[in-house]
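With PDB, C-alpha atoms inside, this is protein-v4.pdb:
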```
ATOM      1  CA  MET A  23      97.458  71.655  58.048
ATOM      2  CA  ILE A  24      98.996  74.851  59.466
ATOM      3  CA  LYS A  25      98.319  77.937  57.406
ATOM      4  CA  GLN A  26     101.439  79.834  56.336
ATOM      5  CA  TYR A  27     101.709  83.289  57.821
ATOM      6  CA  ARG A  28     103.600  86.431  56.829
ATOM      7  CA  GLY A  29     107.229  86.367  58.004
ATOM      8  CA  MET A  30     107.284  82.601  58.572
ATOM      9  CA  LYS A  31     110.879  81.396  58.897
ATOM     10  CA  ALA A  32     113.062  79.231  61.076
ATOM     11  CA  GLU A  33     114.464  81.624  63.657
ATOM     12  CA  LYS A  34     116.018  80.984  67.061
ATOM     13  CA  THR A  35     114.298  82.801  69.921
ATOM     14  CA  VAL A  36     116.664  84.896  71.988
ATOM     15  CA  GLY A  37     115.855  84.507  75.675
ATOM     16  CA  ASN A  38     116.597  87.123  78.279
ATOM     17  CA  THR A  39     119.465  86.133  80.526
ATOM     18  CA  PRO A  40     118.849  87.780  83.891
ATOM     19  CA  LEU A  41     121.460  89.900  85.587
ATOM     20  CA  PRO A  42     122.792  87.842  88.528
ATOM     21  CA  ALA A  43     121.858  88.944  92.040
ATOM     22  CA  GLY A  44     124.450  91.331  93.467
ATOM     23  CA  GLY A  45     125.616  94.932  93.355
ATOM     24  CA  TYR A  46     126.561  96.931  90.263
ATOM     25  CA  VAL A  47     127.795 100.443  89.497
ATOM     26  CA  ALA A  48     125.354 102.016  87.067
ATOM     27  CA  LYS A  49     124.739 105.267  85.203
ATOM     28  CA  ILE A  50     121.276 106.805  85.096
ATOM     29  CA  GLU A  51     120.087 107.095  81.492
ATOM     30  CA  LYS A  52     116.732 108.755  82.180
ATOM     31  CA  ALA A  53     114.309 109.565  84.981
ATOM     32  CA  LYS A  54     110.636 110.397  84.728
ATOM     33  CA  ILE A  55     107.633 110.791  87.002
ATOM     34  CA  GLU A  56     104.607 108.506  86.626
ATOM     35  CA  GLU A  57     101.396 109.622  88.304
ATOM     36  CA  TYR A  58      98.862 107.217  89.812
ATOM     37  CA  ASN A  59      95.655 107.783  91.753
ATOM     38  CA  TRP A  60      97.537 106.841  94.956
ATOM     39  CA  GLY A  61     100.698 108.928  94.342
ATOM     40  CA  SER A  62     103.802 109.461  92.219
ATOM     41  CA  VAL A  63     106.691 107.202  91.253
ATOM     42  CA  VAL A  64     110.076 108.193  89.857
ATOM     43  CA  VAL A  65     111.056 105.632  87.220
ATOM     44  CA  ILE A  66     114.817 105.558  86.836
ATOM     45  CA  ALA A  67     116.318 103.881  83.759
ATOM     46  CA  PHE A  68     119.965 102.885  84.133
ATOM     47  CA  ASP A  69     122.677 100.689  82.675
ATOM     48  CA  ILE A  70     125.650  98.950  84.241
ATOM     49  CA  VAL A  71     128.928 100.799  83.577
ATOM     50  CA  GLU A  72     131.613  98.719  85.303
ATOM     51  CA  GLY A  73     132.726  95.107  85.299
ATOM     52  CA  GLU A  74     131.792  92.113  83.185
ATOM     53  CA  TYR A  75     128.138  93.233  82.887
ATOM     54  CA  ALA A  76     128.877  96.731  81.527
ATOM     55  CA  GLU A  77     126.166  97.832  79.044
ATOM     56  CA  PHE A  78     124.077  94.792  80.034
ATOM     57  CA  PHE A  79     120.708  96.447  79.397
ATOM     58  CA  LYS A  80     121.774  98.223  76.201
ATOM     59  CA  LYS A  81     122.996  94.927  74.727
ATOM     60  CA  GLN A  82     119.774  93.222  75.819
ATOM     61  CA  PHE A  83     117.641  95.994  74.325
ATOM     62  CA  ASP A  84     119.590  96.138  71.049
ATOM     63  CA  SER A  85     119.412  92.358  70.545
ATOM     64  CA  ASN A  86     115.639  92.205  71.109
ATOM     65  CA  PRO A  87     113.909  92.020  67.703
ATOM     66  CA  ASN A  88     110.426  92.781  69.071
ATOM     67  CA  GLU A  89     108.779  96.073  68.164
ATOM     68  CA  ASP A  90     107.339  96.548  71.660
ATOM     69  CA  LYS A  91     110.647  95.998  73.482
ATOM     70  CA  LYS A  92     111.200  97.736  76.788
ATOM     71  CA  TRP A  93     114.315  98.857  78.664
ATOM     72  CA  LYS A  94     114.782  96.355  81.515
ATOM     73  CA  GLY A  95     117.211  98.303  83.723
ATOM     74  CA  THR A  96     114.795 100.260  85.882
ATOM     75  CA  TYR A  97     114.246 101.184  89.507
ATOM     76  CA  ARG A  98     110.884 102.472  90.673
ATOM     77  CA  LEU A  99     110.950 104.873  93.596
ATOM     78  CA  THR A 100     107.738 105.989  95.281
ATOM     79  CA  VAL A 101     107.731 109.719  96.052
ATOM     80  CA  PRO A 102     106.932 110.179  99.766
ATOM     81  CA  ASP A 103     103.471 111.622 100.413
ATOM     82  CA  GLU A 104     102.787 112.742 103.978
ATOM     83  CA  SER A 105      99.116 111.718 103.666
ATOM     84  CA  SER A 106     100.041 108.123 102.781
ATOM     85  CA  GLN A 107     100.044 105.349 105.361
ATOM     86  CA  TYR A 108     103.410 104.305 103.869
ATOM     87  CA  PHE A 109     104.998 107.740 104.248
ATOM     88  CA  GLU A 110     107.736 106.699 106.712
ATOM     89  CA  SER A 111     108.760 103.660 104.674
ATOM     90  CA  ASN A 112     108.734 105.608 101.394
ATOM     91  CA  GLN A 113     110.633 108.469 103.044
ATOM     92  CA  LYS A 114     113.349 106.087 104.288
ATOM     93  CA  THR A 115     113.766 104.557 100.805
ATOM     94  CA  PHE A 116     113.766 107.957  99.065
ATOM     95  CA  ASN A 117     116.249 109.442 101.554
ATOM     96  CA  ASN A 118     118.559 106.458 100.933
ATOM     97  CA  PHE A 119     118.340 107.167  97.188
ATOM     98  CA  ILE A 120     119.245 110.842  97.764
ATOM     99  CA  TYR A 121     122.226 109.784  99.901
ATOM    100  CA  ALA A 122     123.389 107.249  97.288
ATOM    101  CA  ILE A 123     123.224 109.673  94.352
ATOM    102  CA  GLU A 124     124.795 112.593  96.249
ATOM    103  CA  ASP A 125     127.604 110.449  97.690
ATOM    104  CA  SER A 126     128.325 108.871  94.302
ATOM    105  CA  ASN A 127     128.518 112.161  92.375
ATOM    106  CA  SER A 128     130.901 114.719  93.841
ATOM    107  CA  GLY A 129     129.370 118.204  93.894
ATOM    108  CA  TYR A 130     125.821 117.037  93.113
ATOM    109  CA  HIS A 131     123.043 118.028  95.532
ATOM    110  CA  TYR A 132     119.463 116.886  95.074
ATOM    111  CA  ASP A 133     117.108 119.789  94.258
ATOM    112  CA  CYS A 134     113.820 117.953  93.545
ATOM    113  CA  ASP A 135     114.439 117.941  89.772
ATOM    114  CA  GLU A 136     114.469 114.333  88.585
ATOM    115  CA  THR A 137     115.644 115.315  85.094
ATOM    116  CA  LYS A 138     119.068 116.126  86.620
ATOM    117  CA  PHE A 139     119.536 112.439  87.563
ATOM    118  CA  LYS A 140     120.523 111.706  83.942
ATOM    119  CA  GLY A 141     124.222 110.912  83.644
ATOM    120  CA  LYS A 142     124.710 110.444  87.393
ATOM    121  CA  LEU A 143     126.319 107.317  88.830
ATOM    122  CA  ILE A 144     124.595 105.168  91.413
ATOM    123  CA  SER A 145     124.861 101.569  92.482
ATOM    124  CA  VAL A 146     121.987  99.157  92.064
ATOM    125  CA  ILE A 147     121.445  96.017  94.122
ATOM    126  CA  TYR A 148     119.764  93.047  92.458
ATOM    127  CA  ARG A 149     117.982  90.184  94.222
ATOM    128  CA  ASN A 150     116.275  87.003  93.086
ATOM    129  CA  LYS A 151     112.486  87.090  92.820
ATOM    130  CA  GLU A 152     109.965  84.321  92.206
ATOM    131  CA  PHE A 153     106.548  84.672  90.605
ATOM    132  CA  ILE A 154     103.924  82.438  89.043
ATOM    133  CA  GLY A 155     104.286  82.342  85.257
ATOM    134  CA  SER A 156     101.432  82.234  82.764
ATOM    135  CA  ASP A 157     101.737  78.431  82.668
ATOM    136  CA  GLY A 158     101.263  78.206  86.458
ATOM    137  CA  ASN A 159     104.881  77.288  87.182
ATOM    138  CA  ILE A 160     107.237  79.213  89.448
ATOM    139  CA  VAL A 161     109.589  81.480  87.492
ATOM    140  CA  THR A 162     112.757  83.003  88.947
ATOM    141  CA  CYS A 163     114.150  86.321  87.769
ATOM    142  CA  THR A 164     116.168  89.138  89.283
ATOM    143  CA  GLU A 165     115.020  92.656  90.091
ATOM    144  CA  CYS A 166     116.581  95.885  91.259
ATOM    145  CA  GLY A 167     115.451  96.022  94.868
ATOM    146  CA  GLY A 168     117.586  98.881  96.139
ATOM    147  CA  VAL A 169     120.387 101.344  95.590
ATOM    148  CA  THR A 170     123.533 102.361  97.412
ATOM    149  CA  ASP A 171     126.620 104.506  96.921
ATOM    150  CA  ILE A 172     129.191 103.364  94.348
ATOM    151  CA  GLN A 173     132.044 103.029  96.835
ATOM    152  CA  SER A 174     130.106 100.350  98.778
ATOM    153  CA  ILE A 175     129.904  98.267  95.601
ATOM    154  CA  ARG A 176     133.526  98.853  94.637
ATOM    155  CA  ASP A 177     134.646  97.870  98.167
ATOM    156  CA  ASN A 178     132.177  94.957  98.267
ATOM    157  CA  SER A 179     130.920  96.295 101.602
ATOM    158  CA  PHE A 180     127.238  96.564 100.664
ATOM    159  CA  LYS A 181     124.560  94.400 102.252
ATOM    160  CA  PRO A 182     122.949  91.986  99.745
ATOM    161  CA  LEU A 183     119.156  92.097  99.631
ATOM    162  CA  LYS A 184     117.058  89.171 100.781
ATOM    163  CA  ASP A 185     115.491  87.238  97.900
ATOM    164  CA  LYS A 186     111.706  87.599  97.373
ATOM    165  CA  LEU A 187     110.562  83.982  97.307
ATOM    166  CA  LEU A 188     106.980  82.823  96.990
ATOM    167  CA  ASN A 189     107.285  80.502  99.973
ATOM    168  CA  ASP A 190     108.010  83.582 102.119
ATOM    169  CA  VAL A 191     104.521  84.950 101.346
ATOM    170  CA  PRO A 192     101.962  83.850 103.955
ATOM    171  CA  LYS A 193      99.261  81.565 102.572
ATOM    172  CA  GLN A 194      95.804  83.100 102.943
ATOM    173  CA  ASN A 195      93.680  80.256 101.656
ATOM    174  CA  ASN A 196      94.308  76.578 101.036
ATOM    175  CA  ASN A 197      91.294  76.106  98.756
ATOM    176  CA  PRO A 198      92.555  76.264  95.142
ATOM    177  CA  ASN A 199      88.992  76.634  93.846
ATOM    178  CA  SER A 200      88.296  79.845  95.698
ATOM    179  CA  ASP A 201      89.490  83.399  95.172
ATOM    180  CA  PHE A 202      88.219  84.418  98.587
ATOM    181  CA  ALA A 203      89.661  83.999 102.045
ATOM    182  CA  ASP A 204      87.965  81.399 104.244
ATOM    183  CA  MET A 205      85.458  83.132 106.513
ATOM    184  CA  PRO A 206      82.435  82.138 108.510
ATOM    185  CA  ILE A 207      79.073  82.448 106.787
ATOM    186  CA  ASP A 208      76.914  85.226 108.182
ATOM    187  CA  ASP A 209      73.274  85.372 107.107
ATOM    188  CA  ASP A 210      73.185  89.103 107.853
ATOM    189  CA  LEU A 211      75.559  89.971 104.990
ATOM    190  CA  PRO A 212      74.053  92.559 102.622
ATOM    191  CA  PHE A 213      74.227  90.338  99.518
TER     192      PHE A 213
END
```
Let me see the structure of the file written as structure tokens.
Amino acid sequence: MIKQYRGMKAEKTVGNTPLPAGGYVAKIEKAKIEEYNWGSVVVIAFDIVEGEYAEFFKKQFDSNPNEDKKWKGTYRLTVPDESSQYFESNQKTFNNFIYAIEDSNSGYHYDCDETKFKGKLISVIYRNKEFIGSDGNIVTCTECGGVTDIQSIRDNSFKPLKDKLLNDVPKQNNNPNSDFADMPIDDDLPF
């Protein structure tokens, strides 16, 4: 017999409906820096402000009954570090963000203060993404993979992002019982 627990009641679980892939005009709600041992990331929280999905993330957040709920409308932007091997790629992405926020907000000029992003408009571009769920099955969701200026979204002249599908990831090892890449055995290995 199942033991009764505190708060036991018949209650429908509310699932998260993902935002469809595409472009959306959004307003930045908050921006903060997160530090890691490899560098810094600007985490930008936003919500959709135009069209049928306006206030999408606020509605999702408000309807979530969990105590540990998190805001789902975020974009993570790595701060370029000249000592990083990814400097040029990170610089290109960051410079695109600066262009998008300056072009979308007349009179605004980036001055290295992320707290001034709050209240600014920017357009976010969502793509489909696949990952392996906890049950081992492939799960599809959407993620913010890039930003652009708001006029590109309004004119529908933006370039959609390519989906991140698992079958696009090169297979390293065909042995499901091994966590290591296949390699020749060498008796001179130090272990």
(message) Given the PyMOL selection byres ((chain A and resi 169-181) around 7) and the file above, list the residues it selects as a PyMOL selection string.
(response) chain A and resi 45-47+119+122-123+125-126+144-147+168+182-183
(request) Would you mind telling me which residue in A:Gly167, A:Asn88, A:Tyr27, A:Phe139 lies nearest to Thr115 (chain A) when using all atoms listed in the file? (result)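 Once distances to Thr115 (chain A) are computed over all atoms listed in the file, the minimum belongs to A:Gly167.
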(request) Pick out the closest residue to Gly44 (chain A) from this set: A:Asn150, A:Thr96, A:Ser111, A:Ser105. Count all atoms listed in the file. (result)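 Between A:Asn150, A:Thr96, A:Ser111, A:Ser105, the residue approaching Gly44 (chain A) most closely is A:Asn150.
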(message) Given all atoms listed in the file as the basis, pick out the residue of A:Tyr58, A:Phe83, A:Arg98, A:Leu188 nearest to Ile154 (chain A).
(response)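 When distances to Ile154 (chain A) are compared using all atoms listed in the file, the smallest one comes from A:Leu188.
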(message) If the PyMOL selection byres ((chain A and resi 72) around 8) were run on this exact file, what residues would it hold? Put them as a PyMOL selection string.
(response) chain A and resi 46-48+70-71+73-76
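CA of Thr162 (chain A) is positioned 10.3 Å from CA of Arg149 (chain A).
Of note, CA of Ile24 (chain A) and CA of Ser85 (chain A) are spaced 29.1 Å apart.
Using only C-alpha atoms, the contacts of Gly141 (chain A) at a cut-off of 9 Å, with sequence neighbours closer than 4 positions omitted, comprise Lys49, Ile50, Glu51 and Lys52 of chain A.
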(request) For CA of Val63 (chain A) and CA of Lys151 (chain A), quote the distance in Å rounded to one decimal. (result)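 Between these atoms lies a distance of 21.0 Å.
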(message) Set the distance at 12 Å and use all atoms listed in the file: which residues neighbour Lys114 (chain A) once local chain neighbours fewer than 5 positions away are removed? I'd like the list as an NGL selection string.
(response) :A and (99-103 or 108-109 or 119-121 or 168)
Hey, can you spit out that residue selection with C-alpha atoms as an mmCIF file, in the coordinates of the input?
```cif
data_model
loop_
_atom_site.group_PDB
_atom_site.id
_atom_site.type_symbol
_atom_site.label_atom_id
_atom_site.label_comp_id
_atom_site.auth_asym_id
_atom_site.auth_seq_id
_atom_site.Cartn_x
_atom_site.Cartn_y
_atom_site.Cartn_z
ATOM 1 C CA LEU A 99 110.950 104.873 93.596
ATOM 2 C CA THR A 100 107.738 105.989 95.281
ATOM 3 C CA VAL A 101 107.731 109.719 96.052
ATOM 4 C CA PRO A 102 106.932 110.179 99.766
ATOM 5 C CA ASP A 103 103.471 111.622 100.413
ATOM 6 C CA TYR A 108 103.410 104.305 103.869
ATOM 7 C CA PHE A 109 104.998 107.740 104.248
ATOM 8 C CA PHE A 119 118.340 107.167 97.188
ATOM 9 C CA ILE A 120 119.245 110.842 97.764
ATOM 10 C CA TYR A 121 122.226 109.784 99.901
ATOM 11 C CA GLY A 168 117.586 98.881 96.139
#
```
(request) Compare A:Val161, A:Cys166, A:Ala43, A:Ala53 by their minimum atom-to-atom distance to Cys134 (chain A), counting only C-alpha atoms, and give me the closest one. (result)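 Ranking A:Val161, A:Cys166, A:Ala43, A:Ala53 by distance to Cys134 (chain A), first place goes to A:Ala53.
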(request) Point out the residue among A:Val65, A:Leu143, A:Met23, A:Ile55 with the least atom-to-atom distance to Trp93 (chain A), counting all atoms listed in the file. (result)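 Ranked by minimum distance to Trp93 (chain A), first place goes to A:Val65.
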Need to verify the contact set: Ser106 (chain A), 10 Å, all atoms listed in the file, exclusion of same-chain residues closer than 6 positions in sequence. Can you return it as a short mmCIF file (atom, residue, chain, number, x, y, z; two decimals) with C-alpha atoms, in the coordinates of the input?
```cif
data_model
loop_
_atom_site.label_atom_id
_atom_site.label_comp_id
_atom_site.auth_asym_id
_atom_site.auth_seq_id
_atom_site.Cartn_x
_atom_site.Cartn_y
_atom_site.Cartn_z
CA TRP A 60 97.54 106.84 94.96
CA GLY A 61 100.70 108.93 94.34
CA ASN A 112 108.73 105.61 101.39
#
```
Please report, as AutoDock Vina command-line options, the centre and edge lengths in Å to one decimal of an axis-aligned box covering all listed atoms of region 66-72 of chain A with 8 Å per side.
```
--center_x 123.2 --center_y 102.1 --center_z 84.8 --size_x 32.8 --size_y 22.8 --size_z 20.2
```
Given the point (113.5, 116.4, 85.6) in the coordinates of this file, which residues lie within 7 Å, counting all atoms listed in the file, and how would they look as a tab-separated table (two decimals) with C-alpha atoms, keeping the file's coordinate frame?
```
chain	number	residue	atom	x	y	z
A	53	ALA	CA	114.31	109.56	84.98
A	54	LYS	CA	110.64	110.40	84.73
A	135	ASP	CA	114.44	117.94	89.77
A	136	GLU	CA	114.47	114.33	88.58
A	137	THR	CA	115.64	115.32	85.09
A	138	LYS	CA	119.07	116.13	86.62
```
(request) Find the residue from A:Lys186, A:Lys91, A:Lys140, A:His131 that sits nearest to Phe68 (chain A); use all atoms listed in the file when measuring. (result) A:Lys140
